[in-house]
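One structure is given here, and the rest of the page talks about it.
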Amino acid sequence: MSDVREVIIIGSGPAGYTAAIYAARANLKPLLFQGMQPGGQLTITTDVENYPGYPKGVLGPEMMEQFKEQAERFGTEIQFEEIIEVDTSTRPFVLKSDFNEYRAKAVIIATGASAKLLGLEAEKKLMGHGVSACATCDGAFFPEKDVLVVGGGDSAMEEANYLTRFANTVTIVHRREEFRASKIMVERCQNNPKIKWALNRAVKDIHAGEDGKVATVTLLDTQTEATETVETDGVFVAIGHKPNSDLFKGKLEMDETGYLKVQPGSTYTSVPGIFACGDVADHVYRQAVTAAGTGCMAAIDAERWLENQAHA
Ligand code: NAP
């Protein structure tokens, strides 16, 4: 049983690396799987200005490199592999990647969430250069600018309202006339003089100017199929998030949208020995600092749980 790890961490965003730092310093010799997007969502943003301890801001990818370094400093073993299957019914737990099989007494899930995107080529290319999927992260980079928010749910309304703190105008682009958002959120936007509406419109393409940043978008009228070009400084895609929890369907309790359920005030999932932290279990805050906080909680929960098992 010598190949059985005390704890395996799945995910390499702020939650995963923080869990690794704490688990490594507790001498649990964690093995961390980075997955397909090492560093997580922060690697698709540019400057991070709201993470405490970086008064001048920091680039998202750079910050995640520092998280990684700190986790490695205390002996975290890091694998660039994706876990594709977790057997939660056996003890120790069995985790499979494309190449190998691993066993662990405890598992920390920090697989995060992914912002849903429109699926446009330009959207990927201009991410961090005028395209964003997070107003809280990037809104402050658009002072006195004109921006678009795509979506008709509460996220879109909330982000649009938030962006009016910085932007000159915020236009909500929504493919229908009816909203999924709650009435009160829509009304708040309707009463905000900085917010304009482009209803029955879909973003068909996004174009950069000579400076490589977003300059115009092509909007499609979803009723007439006519197109128009509209100038804008930024495109905020707010069409929802998807927690990366598919691996655990039918194995761990999750809510109807796939967020893993944890016992309130802890990171305990529905299976003892499996802990969840960060965005995969949080549809409310979704911030790097809250993810790091719950990553710390997961490592402490796992450590105490392992300790109790050893004395059981
Ligand atoms: P959501 O409710 O699923 O809304 C997503 C919106 O994006 C919908 O209007 C949808 O249009 C649109 N959309 C989806 N895919 C699209 C695409 N490919 N192209 C264009 N538009 C697309 O997601 P959400 O707004 O992120 O909210 C998720 C949950 O969190 C909800 O339960 C919400 O109430 C909650 N939430 C609450 C608050 C709050 O209360 N403060 C804030 C944020 C989120 P259609 O309507 O046409 O499908």
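Residues in the structure tokens are named by chain (A, B, ... in the order shown) and by number from 1 within that chain; ligands are numbered from 1 in the order shown.
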
Among region 111-252 of chain A, which residues carry a DSSP assignment of strand (DSSP E), reported as a ChimeraX atom specification?
/A:113-115,131-132,146-150,169-174,195-199,201-208,214-221,227-231,234-237,241-243

Identify, counting only C-alpha atoms and all ligand atoms, the protein, DNA and RNA residues located within 9 Å of ligand 1, and give them as an NGL selection string.
:A and (115-119 or 150-159 or 173-182 or 185 or 201-203 or 237-242 or 257 or 283-284)

Just the helix (DSSP H, G or I) stuff from region 28-218 of chain A, please, per backbone DSSP, written as number ranges by chain.
A: 40-44, 60-73, 121-125, 135-141, 154-163, 183-190

Nearest to Arg25 (chain A): which of A:Val186, A:Ser266, A:Ala299, A:Val48 is it, counting only C-alpha atoms?
A:Ala299

Mind checking which residues fall within 9 Å of region 51-56 of chain A, counting only C-alpha atoms, ignoring those fewer than 4 positions away in the same chain, and posting them as a short mmCIF file (atom, residue, chain, number, x, y, z; two decimals) with C-alpha atoms, in the first residue's frame?
data_model
loop_
_atom_site.label_atom_id
_atom_site.label_comp_id
_atom_site.auth_asym_id
_atom_site.auth_seq_id
_atom_site.Cartn_x
_atom_site.Cartn_y
_atom_site.Cartn_z
CA GLN A 287 -13.26 35.12 -6.28
CA ALA A 288 -9.61 34.06 -6.18
CA VAL A 289 -9.34 35.06 -2.55
#

In Å, rounded to a single decimal, give me how far CA of Thr294 (chain A) is from CA of Ser132 (chain A).
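Between CA of Ser132 (chain A) and CA of Thr294 (chain A) the gap works out to 24.6 Å.
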
For Ala24 (chain A): contacts at 9 Å, only C-alpha atoms, fewer than 6 positions along chain excluded, given as a PyMOL selection string
chain A and resi 30+71-76

Point-to-point distance from CA of Ala167 (chain A) to CA of Val149 (chain A), Å rounded to tenths:
11.5 Å

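Taking CA of Tyr259 (chain A) and CA of Ser245 (chain A) as endpoints, the distance between them is 7.0 Å.
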
Need to verify the contact set: Val4 (chain A), 10 Å, only C-alpha atoms, exclusion of same-chain residues closer than 5 positions in sequence. Can you return it as a VMD selection string?
chain A and resid 92 to 94 102 to 106

Limited to C-alpha atoms, could you put the picked residues into a file as a short mmCIF file (atom, residue, chain, number, x, y, z; two decimals), in the first residue's frame?
data_model
loop_
_atom_site.label_atom_id
_atom_site.label_comp_id
_atom_site.auth_asym_id
_atom_site.auth_seq_id
_atom_site.Cartn_x
_atom_site.Cartn_y
_atom_site.Cartn_z
CA PRO A 92 -8.46 4.15 -0.69
CA PHE A 93 -10.05 6.18 -3.47
CA VAL A 94 -8.84 5.34 -6.97
CA TYR A 102 -3.46 6.69 -8.37
CA ARG A 103 -4.74 5.90 -4.90
CA ALA A 104 -5.39 8.28 -2.02
CA LYS A 105 -6.89 8.19 1.44
CA ALA A 106 -8.36 11.68 0.99
#

Please identify all polymer residues within 12 Å of Ile300 (chain A), counting only C-alpha atoms, omitting same-chain residues fewer than 6 positions from it, and present them as JSON, numbers by chain.
{"A": [7, 18, 19, 20, 21, 22, 23, 24, 25, 26, 27, 28, 106, 108, 266, 267, 268, 275, 276, 277, 293, 294, 306, 307]}

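Proximity of A:Ile274, A:Ile184, A:Ser89, A:Cys137 to Leu59 (chain A), computed with only C-alpha atoms, is greatest for A:Cys137.
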
Asp47 (chain A) surroundings by only C-alpha atoms, 7 Å radius, close-in-sequence under 3 positions cut, as an NGL selection string:
:A and (57-60)
